[in-house]
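Source file: work29.cif; contents: mmCIF, C-alpha atoms and all ligand atoms.
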```
data_structure
loop_
_atom_site.label_atom_id
_atom_site.label_comp_id
_atom_site.auth_asym_id
_atom_site.auth_seq_id
_atom_site.Cartn_x
_atom_site.Cartn_y
_atom_site.Cartn_z
CA MET A 1 16.69 11.69 3.43
CA SER A 2 15.30 15.05 2.30
CA GLN A 3 16.34 17.99 4.43
CA ILE A 4 14.11 18.95 7.37
CA LYS A 5 12.76 22.50 7.02
CA VAL A 6 13.36 24.48 10.22
CA GLY A 7 12.31 27.90 11.46
CA ILE A 8 13.55 30.28 14.15
CA ILE A 9 11.14 32.49 16.04
CA ASN A 10 12.92 35.69 17.12
CA VAL A 11 16.13 35.62 15.12
CA THR A 12 16.77 39.21 16.24
CA GLY A 13 17.84 38.15 19.75
CA TYR A 14 21.31 36.78 20.55
CA ALA A 15 20.15 33.17 20.95
CA GLY A 16 18.15 33.33 17.70
CA VAL A 17 20.95 34.77 15.60
CA GLU A 18 23.41 32.23 17.02
CA LEU A 19 21.01 29.49 15.93
CA ALA A 20 21.05 30.87 12.38
CA ARG A 21 24.87 30.89 12.35
CA LEU A 22 25.17 27.30 13.57
CA LEU A 23 22.35 25.92 11.38
CA TYR A 24 24.00 27.27 8.21
CA LYS A 25 26.45 24.34 8.21
CA HIS A 26 24.02 21.67 9.44
CA PRO A 27 24.10 18.74 7.01
CA THR A 28 20.51 17.50 7.34
CA VAL A 29 18.34 20.55 8.06
CA LYS A 30 17.64 23.69 6.06
CA LEU A 31 16.87 26.99 7.72
CA CYS A 32 13.82 28.23 5.78
CA SER A 33 11.99 30.76 7.92
CA ILE A 34 13.10 33.38 10.47
CA THR A 35 10.93 35.83 12.36
CA GLY A 36 11.79 39.05 14.19
CA ARG A 37 9.38 41.72 15.33
CA SER A 38 11.57 44.80 14.89
CA ALA A 39 13.24 43.69 11.63
CA ALA A 40 10.37 42.13 9.65
CA GLY A 41 10.86 42.77 5.93
CA GLN A 42 14.64 43.17 6.18
CA LYS A 43 17.21 40.73 4.83
CA LEU A 44 19.06 38.84 7.56
CA ALA A 45 22.34 40.27 6.22
CA GLU A 46 21.07 43.85 6.67
CA VAL A 47 20.58 43.28 10.38
CA PHE A 48 23.49 40.85 10.91
CA PRO A 49 26.21 41.44 8.27
CA HIS A 50 28.28 38.49 9.58
CA LEU A 51 25.50 36.21 8.23
CA ALA A 52 25.57 37.65 4.68
CA ASP A 53 25.84 34.12 3.22
CA ILE A 54 22.38 33.20 4.52
CA GLU A 55 19.88 34.51 1.99
CA LEU A 56 16.72 34.84 4.05
CA THR A 57 14.32 37.68 4.79
CA ILE A 58 13.10 38.20 8.33
CA THR A 59 9.31 37.97 8.52
CA ALA A 60 6.65 38.78 11.11
CA GLU A 61 5.11 35.29 10.94
CA LEU A 62 6.67 31.87 10.52
CA ASP A 63 6.27 30.05 7.17
CA GLU A 64 5.37 26.34 7.00
CA VAL A 65 8.24 24.34 8.49
CA ASP A 66 8.77 20.86 9.98
CA PHE A 67 10.53 22.01 13.14
CA VAL A 68 10.71 25.22 15.18
CA PHE A 69 13.18 26.80 17.59
CA SER A 70 11.66 29.50 19.76
CA ALA A 71 14.19 32.05 21.00
CA MET A 72 11.54 34.36 22.42
CA PRO A 73 11.64 35.93 25.87
CA HIS A 74 9.78 33.98 28.55
CA LYS A 75 5.97 34.25 28.60
CA ALA A 76 5.92 35.41 24.94
CA SER A 77 7.51 32.08 24.01
CA ALA A 78 4.70 29.95 25.46
CA GLU A 79 2.16 32.06 23.56
CA VAL A 80 3.79 31.36 20.19
CA ILE A 81 4.58 27.73 20.94
CA LEU A 82 1.13 26.54 22.04
CA PRO A 83 -0.50 26.73 18.57
CA LEU A 84 2.52 24.93 17.06
CA VAL A 85 2.28 22.10 19.59
CA GLU A 86 -1.45 21.79 18.83
CA ARG A 87 -0.57 21.37 15.14
CA GLY A 88 1.89 18.58 16.00
CA ILE A 89 5.04 20.54 15.08
CA LYS A 90 8.13 19.59 17.09
CA VAL A 91 9.65 22.48 19.03
CA VAL A 92 12.73 23.28 21.09
CA ASP A 93 12.01 26.24 23.34
CA ILE A 94 15.11 28.20 24.39
CA SER A 95 13.13 30.27 26.89
CA ALA A 96 12.30 29.12 30.41
CA ASP A 97 8.59 28.56 29.66
CA PHE A 98 8.56 24.76 29.78
CA ARG A 99 11.57 24.03 32.00
CA LEU A 100 9.82 23.87 35.37
CA LYS A 101 7.47 21.00 36.20
CA ASP A 102 5.60 22.85 38.95
CA ALA A 103 3.35 25.52 37.34
CA SER A 104 3.15 27.55 40.57
CA LYS A 105 6.87 28.30 40.23
CA TYR A 106 6.14 30.46 37.15
CA LEU A 107 4.09 32.85 39.25
CA GLN A 108 6.70 32.83 41.99
CA TRP A 109 9.83 33.26 39.82
CA TYR A 110 8.64 34.66 36.46
CA ASP A 111 5.58 36.73 37.48
CA PHE A 112 3.07 35.07 35.16
CA ALA A 113 0.46 32.34 35.42
CA HIS A 114 1.51 29.53 33.11
CA PRO A 115 -0.97 29.28 30.21
CA ALA A 116 -0.64 25.48 29.76
CA PRO A 117 0.28 23.78 33.05
CA GLY A 118 -0.71 20.37 31.62
CA LEU A 119 2.01 20.65 29.02
CA LEU A 120 4.76 21.07 31.63
CA GLN A 121 4.69 17.35 32.40
CA LYS A 122 4.92 16.44 28.70
CA ALA A 123 7.78 18.81 27.92
CA VAL A 124 11.21 17.27 28.41
CA TYR A 125 14.02 19.17 30.11
CA GLY A 126 16.58 19.29 27.33
CA LEU A 127 19.84 18.48 29.04
CA PRO A 128 20.93 15.51 26.87
CA GLU A 129 23.42 14.26 29.46
CA PHE A 130 20.45 13.77 31.87
CA HIS A 131 17.44 13.02 29.64
CA ARG A 132 18.67 11.76 26.25
CA ALA A 133 16.17 8.89 25.92
CA GLU A 134 13.17 11.12 26.76
CA ILE A 135 14.37 13.86 24.40
CA ALA A 136 14.47 11.32 21.55
CA LYS A 137 10.72 10.71 22.00
CA ALA A 138 9.68 14.29 22.81
CA SER A 139 7.78 16.74 20.67
CA LEU A 140 8.44 19.70 23.01
CA VAL A 141 11.88 20.14 24.55
CA ALA A 142 12.66 22.87 27.07
CA ASN A 143 16.24 23.90 26.47
CA PRO A 144 17.99 24.46 29.82
CA GLY A 145 19.12 27.85 31.03
CA CYS A 146 22.74 28.81 30.44
CA TYR A 147 23.71 28.91 34.15
CA PRO A 148 21.89 25.64 34.98
CA THR A 149 23.65 23.83 32.12
CA GLY A 150 27.11 24.63 33.51
CA ALA A 151 26.17 24.09 37.16
CA LEU A 152 24.28 20.83 36.59
CA LEU A 153 27.02 19.31 34.45
CA ALA A 154 29.58 20.28 37.12
CA LEU A 155 27.57 18.72 39.94
CA ALA A 156 25.94 15.67 38.32
CA PRO A 157 28.60 13.01 38.98
CA ALA A 158 29.08 14.12 42.61
CA ILE A 159 25.31 14.21 43.24
CA LYS A 160 24.51 10.99 41.42
CA GLU A 161 27.30 9.07 43.17
CA GLY A 162 26.42 10.63 46.55
CA LEU A 163 29.93 12.07 46.99
CA ILE A 164 28.80 15.37 48.54
CA TYR A 165 26.36 16.63 51.14
CA PRO A 166 23.64 18.45 49.22
CA ASP A 167 24.54 21.80 50.79
CA ILE A 168 25.99 23.45 47.71
CA ILE A 169 27.37 26.83 46.70
CA ILE A 170 27.37 27.70 42.98
CA ASP A 171 29.34 30.84 42.21
CA SER A 172 28.90 31.79 38.54
CA LYS A 173 30.28 34.51 36.28
CA SER A 174 28.62 35.34 32.99
CA GLY A 175 29.53 37.44 29.99
CA ILE A 176 27.15 40.20 29.00
CA SER A 177 25.40 38.47 26.08
CA GLY A 178 23.72 36.34 28.76
CA ALA A 179 21.53 39.36 29.46
CA GLY A 180 20.29 39.41 25.86
CA ARG A 181 20.39 42.01 23.08
CA THR A 182 17.73 44.30 24.53
CA LEU A 183 19.35 47.54 25.71
CA SER A 184 19.62 48.13 29.45
CA LEU A 185 21.64 50.36 31.76
CA SER A 186 23.54 47.52 33.45
CA THR A 187 24.83 46.22 30.10
CA HIS A 188 25.79 49.69 28.82
CA TYR A 189 29.53 49.74 27.96
CA ALA A 190 30.49 52.36 30.55
CA GLU A 191 28.63 50.48 33.27
CA ALA A 192 29.89 47.01 32.44
CA THR A 193 33.48 47.47 31.35
CA ASP A 194 36.21 47.38 34.05
CA ASN A 195 33.53 46.15 36.43
CA VAL A 196 32.42 42.88 38.02
CA HIS A 197 29.36 42.61 40.22
CA ALA A 198 27.01 40.09 41.75
CA TYR A 199 23.30 40.30 40.99
CA SER A 200 20.07 38.52 41.96
CA VAL A 201 21.79 37.79 45.29
CA HIS A 202 18.48 36.91 46.96
CA GLY A 203 17.27 34.52 44.28
CA HIS A 204 17.95 34.17 40.57
CA ARG A 205 15.31 32.66 38.25
CA HIS A 206 17.59 29.78 37.34
CA LEU A 207 17.68 28.50 40.92
CA PRO A 208 14.40 26.49 40.83
CA GLU A 209 15.55 24.82 37.63
CA ILE A 210 18.88 23.80 39.18
CA VAL A 211 17.15 22.39 42.27
CA GLN A 212 14.50 20.56 40.20
CA GLU A 213 17.14 18.77 38.13
CA LEU A 214 19.40 17.93 41.09
CA GLU A 215 16.34 16.31 42.68
CA THR A 216 15.63 14.38 39.47
CA LEU A 217 19.18 13.11 39.49
CA ASN A 218 19.02 11.89 43.07
CA PRO A 219 15.39 11.65 44.26
CA GLY A 220 14.85 12.38 47.95
CA LEU A 221 17.95 14.56 48.13
CA SER A 222 16.37 17.96 49.08
CA PRO A 223 19.36 20.05 48.02
CA SER A 224 20.08 23.36 49.69
CA VAL A 225 21.65 25.56 47.02
CA THR A 226 23.11 29.04 47.17
CA PHE A 227 23.44 30.24 43.57
CA LEU A 228 25.24 33.53 43.09
CA PRO A 229 25.60 34.94 39.55
CA HIS A 230 28.03 37.71 38.61
CA LEU A 231 28.29 39.85 35.48
CA VAL A 232 31.79 40.11 33.99
CA PRO A 233 32.92 42.35 31.13
CA THR A 234 33.27 39.78 28.37
CA SER A 235 30.76 39.16 25.61
CA ARG A 236 30.39 35.36 25.93
CA GLY A 237 31.07 32.62 28.45
CA ILE A 238 30.04 31.33 31.84
CA LEU A 239 32.43 30.04 34.49
CA SER A 240 30.84 28.31 37.48
CA SER A 241 32.71 27.28 40.62
CA CYS A 242 30.74 24.85 42.77
CA TYR A 243 31.60 23.95 46.36
CA ALA A 244 30.28 21.26 48.72
CA LYS A 245 31.46 19.23 51.73
CA PRO A 246 32.31 15.60 50.95
CA ASN A 247 29.96 12.87 52.14
CA GLU A 248 31.93 11.00 54.84
CA GLU A 249 30.07 7.79 54.01
CA LYS A 250 31.39 7.89 50.44
CA PRO A 251 34.96 9.13 50.88
CA VAL A 252 37.03 9.90 47.81
CA LYS A 253 40.74 9.19 48.39
CA GLY A 254 42.06 12.18 46.50
CA LYS A 255 41.72 14.42 43.49
CA GLU A 256 42.97 11.74 41.07
CA GLU A 257 40.17 9.39 42.14
CA LEU A 258 37.63 12.21 41.83
CA LEU A 259 38.89 12.99 38.34
CA GLU A 260 38.55 9.30 37.42
CA ILE A 261 34.95 9.18 38.75
CA TYR A 262 34.10 12.23 36.63
CA ARG A 263 35.86 10.84 33.53
CA SER A 264 34.03 7.57 33.80
CA TYR A 265 30.65 9.32 34.37
CA TYR A 266 31.01 11.41 31.21
CA LYS A 267 32.68 8.71 29.08
CA GLY A 268 31.26 8.88 25.56
CA GLU A 269 29.54 12.24 26.07
CA PRO A 270 30.37 14.29 22.95
CA PHE A 271 29.99 17.69 24.57
CA VAL A 272 31.26 17.30 28.14
CA ARG A 273 35.01 17.15 28.56
CA VAL A 274 36.55 16.47 31.97
CA VAL A 275 39.81 18.40 32.11
CA ASP A 276 42.76 18.16 34.48
CA LYS A 277 43.39 21.90 34.85
CA PRO A 278 41.00 24.74 35.74
CA PRO A 279 39.39 25.73 32.40
CA GLY A 280 38.70 29.23 31.09
CA THR A 281 35.80 30.53 29.03
CA LYS A 282 38.01 31.17 25.97
CA GLN A 283 38.39 27.39 25.62
CA THR A 284 34.70 27.09 24.67
CA TRP A 285 34.19 30.36 22.77
CA GLY A 286 31.74 29.66 19.91
CA ASN A 287 31.69 25.90 20.56
CA ASN A 288 29.24 23.43 22.14
CA LEU A 289 31.55 21.98 24.79
CA CYS A 290 31.16 22.19 28.53
CA LEU A 291 34.53 21.74 30.28
CA VAL A 292 34.42 20.31 33.81
CA TYR A 293 37.28 20.30 36.33
CA PRO A 294 36.68 18.49 39.65
CA THR A 295 39.16 18.73 42.51
CA ILE A 296 39.49 18.70 46.31
CA ASP A 297 40.56 21.55 48.56
CA VAL A 298 43.23 19.74 50.58
CA ARG A 299 42.94 22.07 53.58
CA THR A 300 39.16 21.93 54.10
CA GLY A 301 38.36 18.67 52.29
CA ARG A 302 35.71 20.50 50.26
CA ILE A 303 34.97 19.24 46.78
CA ILE A 304 35.33 21.99 44.17
CA VAL A 305 34.04 21.61 40.62
CA ILE A 306 34.65 24.29 38.02
CA SER A 307 32.80 24.29 34.69
CA CYS A 308 32.76 26.59 31.72
CA LEU A 309 30.77 26.92 28.52
CA ASP A 310 29.68 29.43 25.92
CA ASN A 311 26.30 30.72 27.10
CA LEU A 312 25.09 31.17 23.52
CA VAL A 313 26.20 27.71 22.33
CA LYS A 314 26.06 24.89 24.94
CA GLY A 315 24.07 27.38 27.06
CA ALA A 316 21.49 28.09 24.32
CA ALA A 317 21.65 27.63 20.51
CA GLY A 318 24.16 24.76 20.34
CA GLN A 319 22.35 22.72 22.95
CA ALA A 320 19.05 23.44 21.15
CA ILE A 321 20.55 21.97 17.96
CA GLN A 322 21.92 19.02 19.95
CA ASN A 323 18.36 18.42 21.18
CA MET A 324 16.92 18.68 17.67
CA ASN A 325 19.52 16.17 16.44
CA ILE A 326 18.41 13.73 19.15
CA MET A 327 14.70 14.32 18.40
CA PHE A 328 15.23 13.44 14.72
CA GLY A 329 17.76 10.65 15.26
CA PHE A 330 20.55 12.61 13.52
CA SER A 331 24.14 12.34 14.66
CA GLU A 332 24.15 14.27 17.94
CA THR A 333 27.13 16.34 16.87
CA ALA A 334 25.74 17.32 13.43
CA GLY A 335 26.30 21.02 12.79
CA LEU A 336 28.18 21.36 16.07
CA GLU A 337 31.68 20.21 15.17
CA ALA A 338 33.34 23.65 14.96
CA LEU A 339 36.30 24.18 17.28
CA PRO A 340 36.40 27.14 19.68
CA VAL A 341 37.66 30.52 18.48
CA TYR A 342 41.04 31.68 19.85
CA PRO A 343 42.32 34.13 20.98
N1 LIG A 401 21.32 35.16 25.99
C1 LIG A 401 21.61 33.96 26.47
O1 LIG A 401 22.78 33.66 26.78
C2 LIG A 401 20.53 32.95 26.66
C3 LIG A 401 20.90 31.66 27.08
C4 LIG A 401 19.91 30.71 27.28
C5 LIG A 401 18.58 31.04 27.08
N2 LIG A 401 18.24 32.30 26.70
C6 LIG A 401 16.82 32.58 26.49
O2 LIG A 401 16.61 32.75 25.09
C7 LIG A 401 15.53 33.68 24.88
C8 LIG A 401 16.06 34.80 24.02
O3 LIG A 401 17.12 35.38 24.72
P1 LIG A 401 18.13 36.38 24.06
O4 LIG A 401 19.23 36.59 25.02
O5 LIG A 401 18.42 35.95 22.68
O6 LIG A 401 17.20 37.63 24.08
P2 LIG A 401 17.43 39.05 23.48
O7 LIG A 401 18.70 39.05 22.71
O8 LIG A 401 17.27 40.04 24.56
O9 LIG A 401 16.18 39.12 22.54
C9 LIG A 401 15.08 39.74 22.99
C10 LIG A 401 14.37 40.24 21.75
O10 LIG A 401 13.14 39.61 21.75
C11 LIG A 401 12.21 40.42 21.08
N3 LIG A 401 11.02 40.48 21.88
C12 LIG A 401 10.90 40.89 23.14
N4 LIG A 401 9.61 40.75 23.56
C13 LIG A 401 8.93 40.24 22.51
C14 LIG A 401 7.59 39.89 22.29
N5 LIG A 401 6.68 40.01 23.26
N6 LIG A 401 7.24 39.42 21.10
C15 LIG A 401 8.17 39.29 20.12
N7 LIG A 401 9.47 39.62 20.27
C16 LIG A 401 9.84 40.08 21.45
C17 LIG A 401 12.83 41.75 20.91
O11 LIG A 401 13.23 41.80 19.57
P3 LIG A 401 12.67 42.91 18.60
O12 LIG A 401 13.48 44.10 18.92
O13 LIG A 401 12.92 42.32 17.25
O14 LIG A 401 11.22 43.08 18.89
C18 LIG A 401 14.08 41.69 21.77
O15 LIG A 401 15.14 42.43 21.20
C19 LIG A 401 15.09 34.15 26.25
O16 LIG A 401 13.98 33.45 26.66
C20 LIG A 401 16.31 33.84 27.13
O17 LIG A 401 15.96 33.64 28.48
C21 LIG A 401 19.19 33.25 26.47
#
```
The structure given in the file should be rewritten as structure tokens.
Ligand SMILES: NC(=O)c1ccc[n+]([C@@H]2O[C@H](COP(=O)([O-])OP(=O)(O)OC[C@H]3O[C@@H](n4cnc5c(N)ncnc54)[C@H](OP(=O)(O)O)[C@@H]3O)[C@@H](O)[C@H]2O)c1
Amino acid sequence: MSQIKVGIINVTGYAGVELARLLYKHPTVKLCSITGRSAAGQKLAEVFPHLADIELTITAELDEVDFVFSAMPHKASAEVILPLVERGIKVVDISADFRLKDASKYLQWYDFAHPAPGLLQKAVYGLPEFHRAEIAKASLVANPGCYPTGALLALAPAIKEGLIYPDIIIDSKSGISGAGRTLSLSTHYAEATDNVHAYSVHGHRHLPEIVQELETLNPGLSPSVTFLPHLVPTSRGILSSCYAKPNEEKPVKGKEELLEIYRSYYKGEPFVRVVDKPPGTKQTWGNNLCLVYPTIDVRTGRIIVISCLDNLVKGAAGQAIQNMNIMFGFSETAGLEALPVYP
């Protein structure tokens, strides 16, 4: 098979440049076109010296390609994607612009009226562990948010099997690259180092996405979710600790049985690994795995599930490539086999 020609819109952001790094070793696609507003006309290596082996020039507009990743900020992403969809080009959108099915939620959570509400039903939410068969047939895939990926993969077996009451707390910690490459005071070194703080306490934009997908998993559930993100002084990684009371009608005998339920649920999944010790973000640094550790608090009976992933890989660029692989019928792990970086 000849190589598929792919393009990245907005290679100058963290998600876009991580896509370029991962695609370099992909066996069946060739990165041919990269755009970036502030760096148009410059060689990729001038802006990102770690990618000196990729001989491409950043342009203002995309060249002709067979497949596009959009790593644009929300709202701007929909604007660039709509003409591509009209031309029949397959797209994975890393922004939030096609993740929510209810168009009114864009006004409520993202402060803009969605320009193509009809397309929201056609776009597929790109969490392969939930929607693999639909992704395979999709022409527009909405790559999940980084926090939702970790939280949903932690909660899915418990929700699907009805093991917990749907009154859930998700406590997440993210490294600073989750906030993007655009400069801001809160991500300034002196503000962020030696500091940990909660933010968006009264409602983070990823909450409606988490609720939507929990409902898809178990229709009629009406989950009540408190999602509390924190910023921690590390460059990559998200650790999410999820808590819920066990469903007395579906009692789990102990943590070994819970672990077995989780192992069996994710059997055969290439990028979800159920682990028997609490994982840390360094175990997924630069790699497409999500590690999931389920257990039971013996004193309160609460079910606790801890997950971790690299926000730029399974939380963004890696998962986008996983989705592209599924859309083209490639091996799902193609280009994503690298082990995590340590220390
Ligand atoms: N960071 C993550 O961990 C992560 C995870 C999952 C999903 N995402 C999503 O991925 C997308 C990119 O995120 P990111 O973190 O890579 O962002 P980022 O590093 O902050 O990139 C933002 C860049 O986008 C460009 N930009 C901003 N507004 C633009 C516009 N109207 N038109 C063209 N370019 C514009 C700017 O680049 P120039 O300076 O070149 O103009 C800006 O530096 C976002 O939608 C984000 O929500 C990010």
Closest of A:Pro157, A:Pro251, A:Pro208, A:Pro73 to ligand LIG 401 (chain A) - atom-to-atom distances counting only C-alpha atoms and all ligand atoms: A:Pro73
How close does each residue of chain A get to ligand LIG 401 (chain A), giving the shortest atom pair and distance in Å to one decimal for every residue with an atom at most 9 Å away, counting all atoms listed in the file, sorted by chain and residue number, as a Markdown table?
```
| residue | atom | partner | partner_atom | distance |
| --- | --- | --- | --- | --- |
| A:Ile9 | CA | A:LIG401 | N7 | 8.5 |
| A:Asn10 | CA | A:LIG401 | O10 | 6.1 |
| A:Val11 | CA | A:LIG401 | O13 | 7.7 |
| A:Thr12 | CA | A:LIG401 | O13 | 5.1 |
| A:Gly13 | CA | A:LIG401 | O7 | 3.2 |
| A:Tyr14 | CA | A:LIG401 | O5 | 3.7 |
| A:Ala15 | CA | A:LIG401 | O5 | 3.7 |
| A:Gly16 | CA | A:LIG401 | O5 | 5.6 |
| A:Val17 | CA | A:LIG401 | O5 | 7.6 |
| A:Glu18 | CA | A:LIG401 | O5 | 8.4 |
| A:Thr35 | CA | A:LIG401 | O13 | 8.4 |
| A:Gly36 | CA | A:LIG401 | O13 | 4.6 |
| A:Arg37 | CA | A:LIG401 | O13 | 4.1 |
| A:Ser38 | CA | A:LIG401 | O13 | 3.7 |
| A:Ala39 | CA | A:LIG401 | O13 | 5.8 |
| A:Ala40 | CA | A:LIG401 | O13 | 8.0 |
| A:Ser70 | CA | A:LIG401 | C7 | 7.7 |
| A:Ala71 | CA | A:LIG401 | C7 | 4.4 |
| A:Met72 | CA | A:LIG401 | C7 | 4.7 |
| A:Pro73 | CA | A:LIG401 | O16 | 3.5 |
| A:His74 | CA | A:LIG401 | O16 | 4.6 |
| A:Lys75 | CA | A:LIG401 | N5 | 7.9 |
| A:Ala76 | CA | A:LIG401 | N5 | 5.0 |
| A:Ser77 | CA | A:LIG401 | O16 | 7.1 |
| A:Val80 | CA | A:LIG401 | N6 | 8.8 |
| A:Asp93 | CA | A:LIG401 | O2 | 8.2 |
| A:Ile94 | CA | A:LIG401 | O2 | 4.8 |
| A:Ser95 | CA | A:LIG401 | O16 | 3.3 |
| A:Ala96 | CA | A:LIG401 | O16 | 6.0 |
| A:Asp97 | CA | A:LIG401 | O16 | 7.9 |
| A:Asn143 | CA | A:LIG401 | C5 | 7.5 |
| A:Pro144 | CA | A:LIG401 | C4 | 7.0 |
| A:Gly145 | CA | A:LIG401 | C4 | 4.8 |
| A:Cys146 | CA | A:LIG401 | C4 | 4.6 |
| A:Tyr147 | CA | A:LIG401 | C4 | 8.1 |
| A:Ser174 | CA | A:LIG401 | O1 | 8.7 |
| A:Gly175 | CA | A:LIG401 | O1 | 8.4 |
| A:Ile176 | CA | A:LIG401 | O1 | 8.2 |
| A:Ser177 | CA | A:LIG401 | N1 | 5.3 |
| A:Gly178 | CA | A:LIG401 | O1 | 3.5 |
| A:Ala179 | CA | A:LIG401 | N1 | 5.5 |
| A:Gly180 | CA | A:LIG401 | O4 | 3.1 |
| A:Arg181 | CA | A:LIG401 | O7 | 3.4 |
| A:Thr182 | CA | A:LIG401 | O8 | 4.3 |
| A:Leu183 | CA | A:LIG401 | O8 | 7.9 |
| A:Arg236 | CA | A:LIG401 | O1 | 7.8 |
| A:Gly237 | CA | A:LIG401 | O1 | 8.5 |
| A:Asp310 | CA | A:LIG401 | O1 | 8.1 |
| A:Asn311 | CA | A:LIG401 | O1 | 4.6 |
| A:Leu312 | CA | A:LIG401 | O1 | 4.7 |
| A:Val313 | CA | A:LIG401 | C3 | 8.1 |
| A:Lys314 | CA | A:LIG401 | C3 | 8.8 |
| A:Gly315 | CA | A:LIG401 | C3 | 5.3 |
| A:Ala316 | CA | A:LIG401 | C4 | 4.3 |
| A:Ala317 | CA | A:LIG401 | C4 | 7.6 |
```
Store the residues picked out above in a file with C-alpha atoms, as a PDB file, in the coordinates of the input.
```pdb
ATOM      1  CA  ILE A   9      11.140  32.490  16.040  1.00  0.00           C
ATOM      2  CA  ASN A  10      12.920  35.690  17.120  1.00  0.00           C
ATOM      3  CA  VAL A  11      16.130  35.620  15.120  1.00  0.00           C
ATOM      4  CA  THR A  12      16.770  39.210  16.240  1.00  0.00           C
ATOM      5  CA  GLY A  13      17.840  38.150  19.750  1.00  0.00           C
ATOM      6  CA  TYR A  14      21.310  36.780  20.550  1.00  0.00           C
ATOM      7  CA  ALA A  15      20.150  33.170  20.950  1.00  0.00           C
ATOM      8  CA  GLY A  16      18.150  33.330  17.700  1.00  0.00           C
ATOM      9  CA  VAL A  17      20.950  34.770  15.600  1.00  0.00           C
ATOM     10  CA  GLU A  18      23.410  32.230  17.020  1.00  0.00           C
ATOM     11  CA  THR A  35      10.930  35.830  12.360  1.00  0.00           C
ATOM     12  CA  GLY A  36      11.790  39.050  14.190  1.00  0.00           C
ATOM     13  CA  ARG A  37       9.380  41.720  15.330  1.00  0.00           C
ATOM     14  CA  SER A  38      11.570  44.800  14.890  1.00  0.00           C
ATOM     15  CA  ALA A  39      13.240  43.690  11.630  1.00  0.00           C
ATOM     16  CA  ALA A  40      10.370  42.130   9.650  1.00  0.00           C
ATOM     17  CA  SER A  70      11.660  29.500  19.760  1.00  0.00           C
ATOM     18  CA  ALA A  71      14.190  32.050  21.000  1.00  0.00           C
ATOM     19  CA  MET A  72      11.540  34.360  22.420  1.00  0.00           C
ATOM     20  CA  PRO A  73      11.640  35.930  25.870  1.00  0.00           C
ATOM     21  CA  HIS A  74       9.780  33.980  28.550  1.00  0.00           C
ATOM     22  CA  LYS A  75       5.970  34.250  28.600  1.00  0.00           C
ATOM     23  CA  ALA A  76       5.920  35.410  24.940  1.00  0.00           C
ATOM     24  CA  SER A  77       7.510  32.080  24.010  1.00  0.00           C
ATOM     25  CA  VAL A  80       3.790  31.360  20.190  1.00  0.00           C
ATOM     26  CA  ASP A  93      12.010  26.240  23.340  1.00  0.00           C
ATOM     27  CA  ILE A  94      15.110  28.200  24.390  1.00  0.00           C
ATOM     28  CA  SER A  95      13.130  30.270  26.890  1.00  0.00           C
ATOM     29  CA  ALA A  96      12.300  29.120  30.410  1.00  0.00           C
ATOM     30  CA  ASP A  97       8.590  28.560  29.660  1.00  0.00           C
ATOM     31  CA  ASN A 143      16.240  23.900  26.470  1.00  0.00           C
ATOM     32  CA  PRO A 144      17.990  24.460  29.820  1.00  0.00           C
ATOM     33  CA  GLY A 145      19.120  27.850  31.030  1.00  0.00           C
ATOM     34  CA  CYS A 146      22.740  28.810  30.440  1.00  0.00           C
ATOM     35  CA  TYR A 147      23.710  28.910  34.150  1.00  0.00           C
ATOM     36  CA  SER A 174      28.620  35.340  32.990  1.00  0.00           C
ATOM     37  CA  GLY A 175      29.530  37.440  29.990  1.00  0.00           C
ATOM     38  CA  ILE A 176      27.150  40.200  29.000  1.00  0.00           C
ATOM     39  CA  SER A 177      25.400  38.470  26.080  1.00  0.00           C
ATOM     40  CA  GLY A 178      23.720  36.340  28.760  1.00  0.00           C
ATOM     41  CA  ALA A 179      21.530  39.360  29.460  1.00  0.00           C
ATOM     42  CA  GLY A 180      20.290  39.410  25.860  1.00  0.00           C
ATOM     43  CA  ARG A 181      20.390  42.010  23.080  1.00  0.00           C
ATOM     44  CA  THR A 182      17.730  44.300  24.530  1.00  0.00           C
ATOM     45  CA  LEU A 183      19.350  47.540  25.710  1.00  0.00           C
ATOM     46  CA  ARG A 236      30.390  35.360  25.930  1.00  0.00           C
ATOM     47  CA  GLY A 237      31.070  32.620  28.450  1.00  0.00           C
ATOM     48  CA  ASP A 310      29.680  29.430  25.920  1.00  0.00           C
ATOM     49  CA  ASN A 311      26.300  30.720  27.100  1.00  0.00           C
ATOM     50  CA  LEU A 312      25.090  31.170  23.520  1.00  0.00           C
ATOM     51  CA  VAL A 313      26.200  27.710  22.330  1.00  0.00           C
ATOM     52  CA  LYS A 314      26.060  24.890  24.940  1.00  0.00           C
ATOM     53  CA  GLY A 315      24.070  27.380  27.060  1.00  0.00           C
ATOM     54  CA  ALA A 316      21.490  28.090  24.320  1.00  0.00           C
ATOM     55  CA  ALA A 317      21.650  27.630  20.510  1.00  0.00           C
TER      56      ALA A 317
END
```
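Proximity ranking of A:Ile326, A:His202, A:Thr149, A:Gly118 relative to Leu289 of chain A places A:Thr149 first, based on all atoms listed in the file.
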Selection near Leu44 of chain A, 6 Å with only C-alpha atoms, sequence-local residues under 3 positions removed, as a list of chain:residue names: A:Val47, A:Phe48, A:Leu56, A:Thr57
Top pick for closest residue to Leu231 of chain A, considering A:Lys30, A:His131, A:Lys105, A:Lys173 and counting all atoms listed in the file: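 Between A:Lys30, A:His131, A:Lys105, A:Lys173, the residue approaching Leu231 of chain A most closely is A:Lys173.
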Residue contacts of Leu309 of chain A (6 Å, only C-alpha atoms) excluding same-chain residues fewer than 2 positions away, as a ChimeraX atom specification: /A:237-238,284,290
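One distance worth recording is that between atom CA of Thr216 of chain A and atom CA of Tyr262 of chain A, which is 18.8 Å.
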All residues 8 Å or closer to Gly280 of chain A, only C-alpha atoms, same chain fewer than 3 positions away omitted, as a count of residues only: 4
